[in-house]
$ cat start13.txt   # compact mmCIF, C-alpha atoms and all ligand atoms
# COMPACT_ATOMS: atom_id res chain seq x y z
CA MET P 1 0.53 109.26 106.37
CA GLY P 2 3.55 107.25 107.36
CA SER P 3 5.10 103.82 107.13
CA GLY P 4 2.46 102.16 109.34
CA ALA P 5 -0.14 102.89 106.67
CA ALA P 6 1.82 100.80 104.16
CA ASN P 7 0.45 97.56 105.60
CA PRO P 8 -2.03 95.37 103.72
CA GLY P 9 -5.64 96.41 104.13
CA VAL P 10 -4.94 100.01 105.15
CA GLY P 11 -4.85 101.63 101.70
CA GLU P 12 -8.43 100.83 100.65
CA ARG P 13 -9.79 101.98 104.02
CA LEU P 14 -7.85 105.18 103.72
CA LEU P 15 -9.38 105.80 100.31
CA ARG P 16 -12.83 105.40 101.84
CA LEU P 17 -11.92 107.87 104.60
CA VAL P 18 -10.62 110.37 102.07
CA ASP P 19 -13.65 110.01 99.80
CA ARG P 20 -16.09 110.40 102.69
CA THR P 21 -14.45 113.31 104.50
CA GLY P 22 -12.59 115.27 101.83
CA LEU P 23 -9.38 114.98 103.87
CA SER P 24 -6.23 115.31 101.79
CA VAL P 25 -3.30 112.96 102.10
CA LEU P 26 0.37 113.85 102.33
CA ALA P 27 2.76 110.89 102.49
CA THR P 28 6.12 110.59 104.15
CA GLN P 29 8.73 108.87 101.98
CA MET P 30 7.88 105.57 103.67
CA GLY P 31 4.12 106.02 103.27
CA LYS P 32 4.43 106.79 99.57
CA GLY P 33 2.05 104.82 97.35
CA VAL P 34 -0.54 103.93 99.99
CA VAL P 35 -2.84 106.39 98.21
CA ALA P 36 -1.93 106.71 94.53
CA GLU P 37 -0.35 110.09 93.87
CA GLY P 38 -2.68 110.63 90.92
CA HIS P 39 -5.66 110.64 93.32
CA ALA P 40 -7.44 114.00 93.52
CA ARG P 41 -6.87 114.19 97.30
CA SER P 42 -3.16 113.33 97.21
CA LEU P 43 -0.81 116.17 98.10
CA ARG P 44 2.11 113.95 97.07
CA SER P 45 5.08 113.02 99.27
CA LEU P 46 7.65 114.70 101.45
CA GLY P 47 11.10 114.61 99.86
CA ILE P 48 13.74 116.53 101.72
CA HIS P 49 13.19 118.11 105.10
CA ARG P 50 12.65 121.67 103.99
CA PRO P 51 12.07 123.52 101.75
CA ASP P 52 10.12 121.11 99.60
CA HIS P 53 7.10 121.48 97.35
CA ALA P 54 4.82 119.24 99.42
CA HIS P 55 5.57 121.30 102.54
CA MET P 56 3.20 123.93 101.15
CA ALA P 57 0.41 121.68 102.43
CA LEU P 58 1.74 121.82 105.98
CA ASP P 59 2.29 125.56 105.76
CA ARG P 60 -1.44 126.03 105.10
CA ALA P 61 -2.98 123.19 107.13
CA ASP P 62 -4.97 123.74 110.35
CA LEU P 63 -4.69 120.21 111.68
CA VAL P 64 -2.55 117.14 111.03
CA VAL P 65 -4.01 113.66 111.46
CA ALA P 66 -0.83 111.59 111.62
CA LEU P 67 -1.77 108.10 110.40
CA GLY P 68 0.79 105.35 110.93
CA TYR P 69 3.50 107.98 111.31
CA GLN P 70 6.62 107.62 113.47
CA PRO P 71 8.78 110.68 114.15
CA ASN P 72 11.95 108.85 113.06
CA GLU P 73 10.76 108.57 109.47
CA HIS P 74 10.55 112.35 108.94
CA PRO P 75 11.65 114.58 111.84
CA PRO P 76 8.67 116.53 113.25
CA LEU P 77 10.64 119.75 113.60
CA ALA P 78 11.31 119.60 109.86
CA TRP P 79 7.61 119.81 109.05
CA GLN P 80 6.38 121.73 112.09
CA GLN P 81 9.02 124.45 112.15
CA ASP P 82 7.43 127.23 114.18
CA ARG P 83 3.87 126.36 113.19
CA ASN P 84 3.05 124.16 116.15
CA LEU P 85 0.17 122.54 114.29
CA PRO P 86 -2.26 120.53 116.40
CA VAL P 87 -1.76 116.82 115.77
CA VAL P 88 -4.01 113.78 116.18
CA HIS P 89 -1.87 110.65 116.44
CA VAL P 90 -3.54 107.55 114.92
CA ASN P 91 -1.44 104.42 115.23
CA ASP P 92 -1.22 100.98 116.81
CA SER P 93 0.92 102.30 119.68
CA SER P 94 1.30 105.52 121.67
CA ALA P 95 3.12 108.49 120.21
CA LYS P 96 6.86 108.68 120.71
CA ARG P 97 6.81 112.25 121.87
CA GLU P 98 9.62 114.63 120.99
CA ALA P 99 10.09 118.28 120.09
CA GLY P 100 7.53 119.14 117.43
CA TYR P 101 5.47 116.01 118.03
CA GLN P 102 3.17 116.44 121.03
CA PRO P 103 -0.22 115.18 119.81
CA GLU P 104 -3.33 116.67 121.41
CA PHE P 105 -5.20 113.39 120.86
CA GLU P 106 -4.16 109.81 120.37
CA VAL P 107 -6.28 107.11 118.72
CA ILE P 108 -4.55 103.85 119.57
CA GLY P 109 -5.58 100.51 118.10
CA ARG P 110 -5.59 98.64 114.83
CA LEU P 111 -5.15 101.25 112.15
CA GLU P 112 -7.78 99.63 109.93
CA SER P 113 -10.49 99.92 112.56
CA SER P 114 -9.47 103.46 113.63
CA ILE P 115 -9.68 104.58 110.01
CA ASP P 116 -13.09 102.93 109.58
CA GLN P 117 -14.40 104.73 112.67
CA LEU P 118 -13.05 108.07 111.50
CA ALA P 119 -14.66 107.48 108.09
CA ASP P 120 -18.02 106.78 109.75
CA ALA P 121 -17.87 109.72 112.18
CA GLY P 122 -19.55 112.15 109.79
CA LEU P 123 -16.54 114.47 109.45
CA GLY P 124 -16.26 116.74 106.46
CA VAL P 125 -13.64 119.30 105.41
CA ALA P 126 -13.62 121.96 102.71
CA THR P 127 -11.77 120.81 99.62
CA ASP P 128 -11.61 123.95 97.46
CA TRP P 129 -8.34 125.19 98.98
CA THR P 130 -6.73 121.74 98.87
CA ASP P 131 -7.73 121.37 95.20
CA GLU P 132 -5.84 124.59 94.48
CA LEU P 133 -2.95 123.47 96.63
CA ARG P 134 -2.69 120.14 94.85
CA ASN P 135 -2.64 121.89 91.45
CA GLU P 136 0.15 124.15 92.67
CA ILE P 137 2.24 121.29 94.08
CA VAL P 138 1.80 119.21 90.91
CA ALA P 139 2.66 122.21 88.69
CA ARG P 140 5.84 122.87 90.69
CA LEU P 141 6.88 119.23 90.52
CA GLU P 142 6.22 119.07 86.79
CA ALA P 143 8.29 122.19 86.21
CA GLU P 144 11.20 120.83 88.21
CA GLU P 145 14.37 119.98 86.32
CA GLY P 146 17.44 118.15 87.43
CA PRO P 147 20.97 119.55 87.38
CA GLU P 148 22.07 121.05 84.07
CA ASP P 149 25.18 118.99 83.47
CA CYS P 150 24.73 115.61 81.82
CA VAL P 151 22.70 112.85 83.46
CA ASP P 152 20.61 113.98 86.34
CA PRO P 153 18.80 111.90 88.97
CA LEU P 154 15.42 112.90 87.54
CA ASP P 155 16.33 110.97 84.37
CA VAL P 156 16.94 107.86 86.45
CA VAL P 157 13.56 108.31 88.14
CA ARG P 158 11.79 108.70 84.79
CA VAL P 159 13.48 105.64 83.29
CA ALA P 160 12.75 103.53 86.38
CA ALA P 161 9.10 104.68 86.23
CA ASP P 162 8.81 103.92 82.49
CA LEU P 163 10.20 100.41 82.92
CA HIS P 164 8.17 99.66 86.03
CA GLN P 165 5.63 96.85 85.74
CA PRO P 166 3.09 95.73 88.34
CA GLY P 167 4.83 93.70 91.06
CA ASP P 168 8.29 95.15 90.36
CA VAL P 169 10.33 96.54 93.24
CA VAL P 170 12.58 99.58 93.13
CA ALA P 171 14.84 99.51 96.20
CA LEU P 172 16.66 102.69 97.12
CA ASP P 173 19.87 102.93 99.04
CA ASN P 174 20.57 106.14 100.94
CA GLY P 175 21.90 109.00 98.90
CA VAL P 176 20.70 112.25 97.44
CA TYR P 177 18.77 110.50 94.62
CA ARG P 178 16.26 109.37 97.27
CA ILE P 179 14.83 112.88 97.33
CA TRP P 180 14.19 112.76 93.58
CA PHE P 181 12.49 109.41 93.86
CA ALA P 182 10.39 110.59 96.81
CA ARG P 183 9.19 113.59 94.86
CA HIS P 184 8.75 112.11 91.40
CA PHE P 185 8.47 108.32 91.28
CA PRO P 186 4.77 107.57 90.73
CA SER P 187 4.49 104.67 93.19
CA PRO P 188 1.45 102.62 92.18
CA ASP P 189 1.43 100.78 95.52
CA PRO P 190 3.23 101.06 98.87
CA HIS P 191 5.72 98.32 98.05
CA ALA P 192 6.73 99.39 94.56
CA LEU P 193 9.34 101.75 96.02
CA ILE P 194 11.18 100.50 99.09
CA LEU P 195 13.34 102.88 101.03
CA ASP P 196 14.28 103.51 104.62
CA ASN P 197 14.22 107.08 105.80
CA ALA P 198 14.13 105.99 109.47
CA THR P 199 17.49 104.31 110.06
CA ALA P 200 18.54 105.61 106.61
CA SER P 201 21.42 103.19 106.48
CA MET P 202 23.66 103.14 103.43
CA GLY P 203 24.17 99.63 102.08
CA ALA P 204 20.52 98.60 102.48
CA GLY P 205 19.38 99.18 98.88
CA LEU P 206 21.24 96.36 97.17
CA ALA P 207 20.37 93.92 99.96
CA THR P 208 16.68 94.85 99.67
CA ALA P 209 16.64 94.42 95.88
CA THR P 210 18.44 91.09 96.19
CA ALA P 211 15.92 89.86 98.77
CA ALA P 212 13.05 90.93 96.50
CA ALA P 213 14.67 89.08 93.57
CA ARG P 214 14.98 85.97 95.70
CA LEU P 215 11.24 86.22 96.35
CA GLY P 216 10.72 86.16 92.60
CA ARG P 217 10.15 89.89 92.07
CA ARG P 218 11.80 91.84 89.28
CA SER P 219 13.85 94.37 91.18
CA LEU P 220 16.01 97.39 90.59
CA ALA P 221 18.49 98.71 93.17
CA VAL P 222 19.34 102.39 92.93
CA VAL P 223 22.60 102.84 94.76
CA GLY P 224 25.25 105.54 94.92
CA ASP P 225 28.90 104.63 94.57
CA GLY P 226 29.37 105.14 98.32
CA GLY P 227 26.43 102.91 99.25
CA LEU P 228 27.48 100.27 96.74
CA LEU P 229 30.95 100.00 98.24
CA MET P 230 29.40 99.37 101.66
CA ASN P 231 27.72 96.19 100.52
CA VAL P 232 29.20 95.30 97.17
CA ARG P 233 30.21 91.78 98.06
CA ILE P 234 26.59 90.59 98.21
CA TRP P 235 26.29 91.64 94.59
CA CYS P 236 28.72 89.07 93.12
CA PRO P 237 26.55 86.28 91.76
CA SER P 238 27.69 83.03 93.30
CA PRO P 239 28.21 80.04 90.99
CA ARG P 240 25.14 78.48 92.64
CA HIS P 241 22.92 81.25 91.38
CA SER P 242 21.51 81.05 87.91
CA ALA P 243 20.88 84.76 87.72
CA GLY P 244 21.63 87.84 89.75
CA PRO P 245 21.45 91.58 89.42
CA ALA P 246 23.54 92.97 86.60
CA PRO P 247 25.23 96.32 86.98
CA GLY P 248 24.41 99.73 85.66
CA TRP P 249 27.17 102.09 86.67
CA HIS P 250 27.63 105.81 86.77
CA ARG P 251 29.94 107.72 89.01
CA SER P 252 28.55 110.76 90.79
CA THR P 253 29.60 113.20 93.42
CA SER P 254 27.69 112.96 96.66
CA SER P 255 25.69 116.02 95.68
CA GLY P 256 24.47 114.16 92.61
CA ARG P 257 25.42 117.13 90.47
CA ARG P 258 28.30 115.94 88.34
CA TRP P 259 28.40 112.61 86.63
CA ARG P 260 31.34 111.09 84.85
CA GLY P 261 30.98 111.90 81.17
CA GLY P 262 29.89 115.43 81.99
CA ASP P 263 31.18 116.62 78.65
CA ARG P 264 28.46 114.64 76.87
CA ASP P 265 25.08 116.17 76.27
CA ARG P 266 22.14 115.41 78.46
CA ALA P 267 20.12 113.52 75.82
CA SER P 268 22.92 111.07 75.13
CA CYS P 269 23.48 110.46 78.84
CA SER P 270 19.78 109.98 79.38
CA SER P 271 19.71 107.32 76.69
CA THR P 272 22.75 105.66 78.29
CA VAL P 273 20.89 105.39 81.60
CA ARG P 274 17.83 104.04 79.80
CA SER P 275 19.71 101.39 77.85
CA THR P 276 21.80 100.41 80.88
CA ILE P 277 18.72 99.73 82.97
CA ALA P 278 16.79 98.16 80.08
CA SER P 279 19.62 95.76 79.24
CA THR P 280 20.14 94.75 82.85
CA THR P 281 19.50 91.05 83.32
CA PRO P 282 16.07 90.72 84.87
CA CYS P 283 16.42 89.17 88.31
CA ARG P 284 14.80 85.79 88.14
CA ARG P 285 13.96 83.57 91.03
CA ILE P 286 17.24 82.34 92.47
CA ALA P 287 17.60 78.89 93.94
CA PRO P 288 17.99 79.18 97.72
C1 LIG G 1 25.93 103.51 107.24
C2 LIG G 1 25.78 105.00 106.91
N1 LIG G 1 26.85 105.82 106.99
C3 LIG G 1 26.74 107.12 106.71
C4 LIG G 1 25.53 107.66 106.34
C5 LIG G 1 25.38 109.17 106.08
N2 LIG G 1 25.21 109.39 104.60
C6 LIG G 1 23.97 109.54 104.05
S1 LIG G 1 24.03 109.75 102.39
C7 LIG G 1 25.71 109.64 102.37
C8 LIG G 1 26.45 109.74 101.08
C9 LIG G 1 25.97 108.71 100.08
O1 LIG G 1 26.82 108.68 98.96
P1 LIG G 1 26.48 107.79 97.70
O2 LIG G 1 26.07 106.41 98.11
O3 LIG G 1 27.64 107.86 96.78
O4 LIG G 1 25.20 108.50 97.09
P2 LIG G 1 25.08 110.01 96.49
O5 LIG G 1 24.39 110.79 97.56
O6 LIG G 1 26.46 110.50 96.17
O7 LIG G 1 24.25 109.87 95.26
C10 LIG G 1 26.22 109.46 103.66
C11 LIG G 1 27.67 109.33 103.99
C12 LIG G 1 24.43 106.76 106.28
N3 LIG G 1 23.20 107.20 105.93
N4 LIG G 1 24.58 105.44 106.56

$ encode --input "start13.txt" --output "structure tokens" --more "lines below"
Ligand SMILES: Cc1ncc(C[n+]2csc(CCOP(=O)(O)OP(=O)(O)O)c2C)c(N)n1
Amino acid sequence: MGSGAANPGVGERLLRLVDRTGLSVLATQMGKGVVAEGHARSLRSLGIHRPDHAHMALDRADLVVALGYQPNEHPPLAWQQDRNLPVVHVNDSSAKREAGYQPEFEVIGRLESSIDQLADAGLGVATDWTDELRNEIVARLEAEEGPEDCVDPLDVVRVAADLHQPGDVVALDNGVYRIWFARHFPSPDPHALILDNATASMGAGLATATAAARLGRRSLAVVGDGGLLMNVRIWCPSPRHSAGPAPGWHRSTSSGRRWRGGDRDRASCSSTVRSTIASTTPCRRIAP
């Protein structure tokens, strides 16, 4: 399930399809949240190309129904490897064919109506093996820990998730933390976590969060120091603006492994991240 499924009206139809057929759902990063990850048929989301926990689903699958998926949002060779899984492409336009993405069938049209027709076609798949698979993926994700030294990106994900309220937007720039958010942020809807794994351009996160704030949404930008420097000038609140994003700042390496203050213990760094985000000025509606 890819970015095309994140459009209004698709999610509830997909749930009906899943409930009727027993099909399980694996999201790309950009399709995350269309089906809640707590749903019994969710096999969670793809994080990094490979190896990743959710890839276990693709290693054992017999068929992929690619709903609203575009190859540029998660390279097909990264999930196909040498498996050469048969693919049914379901989207509003023809497949952009490339190595690893040569669908046997294409269902072209409005996604909502294609999903409805699939749901009514009387299909049914066994769910016992996917139940086991889901338990295994969830157990692996729950056992996962971030880097040992000081603050790790998983802490940031947990704090962002704890503070998240309905309607809030978390906008990710492009850095290694995106993988941790893709794996662990429990997106309640497809627009709670906004990221771009297609063009994957650094500098987009802060702009996205600022745009969301201007639309009256409480927003949080998660940005690496590199990404921040690419777009930092949009951050400075202008005198015209009554409120703007306030900074939370940690310096990391590009691997995300060492954070400044590495001599402090993890618990104290975790609480620093929490209080930094919690004390950040909520973005209010800004006068245009
Ligand atoms: C405009 C642009 N240039 C280069 C890249 C390639 N790139 C992806 S992540 C990355 C490093 C990001 O560093 P930072 O923002 O500090 O985040 P970190 O991964 O260190 O947490 C680079 C150079 C990109 N995605 N976009």

$ residues_around --input "start13.txt" --residues "stretch 28-33 of chain P" --least-positions-apart "5" --cutoff "8 Å" --atoms "all atoms listed in the file" --output "number ranges by chain"
P: 1-6, 44-47, 73-74, 182, 186-197

$ residues_near_point --input "start13.txt" --point "(10.6, 121.9, 94.1)" --cutoff "8 Å" --atoms "only C-alpha atoms" --output "ChimeraX atom specification"
/P:51-53,140-141,144

$ write_last_selection --input "start13.txt" --atoms "C-alpha atoms" --output "mmCIF file, in the coordinates of the input"
data_model
loop_
_atom_site.group_PDB
_atom_site.id
_atom_site.type_symbol
_atom_site.label_atom_id
_atom_site.label_comp_id
_atom_site.auth_asym_id
_atom_site.auth_seq_id
_atom_site.Cartn_x
_atom_site.Cartn_y
_atom_site.Cartn_z
ATOM 1 C CA PRO P 51 12.070 123.520 101.750
ATOM 2 C CA ASP P 52 10.120 121.110 99.600
ATOM 3 C CA HIS P 53 7.100 121.480 97.350
ATOM 4 C CA ARG P 140 5.840 122.870 90.690
ATOM 5 C CA LEU P 141 6.880 119.230 90.520
ATOM 6 C CA GLU P 144 11.200 120.830 88.210
#

$ atom_distance --input "start13.txt" --atom1 "atom O4 of ligand LIG 1 (chain G)" --atom2 "atom CA of P:Ala171"
13.7 Å

$ closest_residue --input "start13.txt" --among "P:Arg218, P:His184, P:Arg60, P:His49" --to "P:Arg83" --atoms "all atoms listed in the file"
P:Arg60

$ closest_residue --input "start13.txt" --among "P:Ser201, P:Thr21, P:Asn174, P:Ser94" --to "P:Pro71" --atoms "all atoms listed in the file"
P:Ser94

$ residues_around --input "start13.txt" --residues "stretch 230-233 of chain P" --least-positions-apart "3" --cutoff "10 Å" --atoms "all atoms listed in the file" --output "NGL selection string"
:P and (202-207 or 225-227 or 236-237)

$ atom_distance --input "start13.txt" --atom1 "atom O1 of ligand LIG 1 (chain G)" --atom2 "atom CA of P:Val176"
7.2 Å

$ closest_residue --input "start13.txt" --among "P:Gly216, P:Pro153, P:Pro166, P:Gly11" --to "ligand LIG 1 (chain G)" --atoms "all atoms listed in the file"
P:Pro153

$ residues_around --input "start13.txt" --residues "P:Pro86" --least-positions-apart "4" --cutoff "7 Å" --atoms "all atoms listed in the file" --output "VMD selection string"
chain P and resid 63 to 64 103 to 104

$ atom_distance --input "start13.txt" --atom1 "atom CA of P:Arg217" --atom2 "atom C7 of ligand LIG 1 (chain G)"
27.2 Å

$ closest_residue --input "start13.txt" --among "P:Glu132, P:Asp19, P:Asp152, P:Asp168" --to "ligand LIG 1 (chain G)" --atoms "all atoms listed in the file"
P:Asp152

$ closest_residue --input "start13.txt" --among "P:Asp155, P:Asp120, P:Asp162, P:Glu145" --to "P:Leu17" --atoms "only C-alpha atoms"
P:Asp120

$ closest_residue --input "start13.txt" --among "P:Asp173, P:Val138, P:Thr210, P:Ala198" --to "P:Gly224" --atoms "all atoms listed in the file"
P:Asp173

$ residues_around --input "start13.txt" --residues "P:Asp59" --least-positions-apart "2" --cutoff "9 Å" --atoms "only C-alpha atoms" --output "VMD selection string"
chain P and resid 55 to 57 61 to 62 79 to 80 83

$ write_last_selection --input "start13.txt" --atoms "C-alpha atoms" --output "PDB file, in the coordinates of the input"
ATOM      1  CA  HIS P  55       5.570 121.300 102.540  1.00  0.00           C
ATOM      2  CA  MET P  56       3.200 123.930 101.150  1.00  0.00           C
ATOM      3  CA  ALA P  57       0.410 121.680 102.430  1.00  0.00           C
ATOM      4  CA  ALA P  61      -2.980 123.190 107.130  1.00  0.00           C
ATOM      5  CA  ASP P  62      -4.970 123.740 110.350  1.00  0.00           C
ATOM      6  CA  TRP P  79       7.610 119.810 109.050  1.00  0.00           C
ATOM      7  CA  GLN P  80       6.380 121.730 112.090  1.00  0.00           C
ATOM      8  CA  ARG P  83       3.870 126.360 113.190  1.00  0.00           C
TER       9      ARG P  83
END
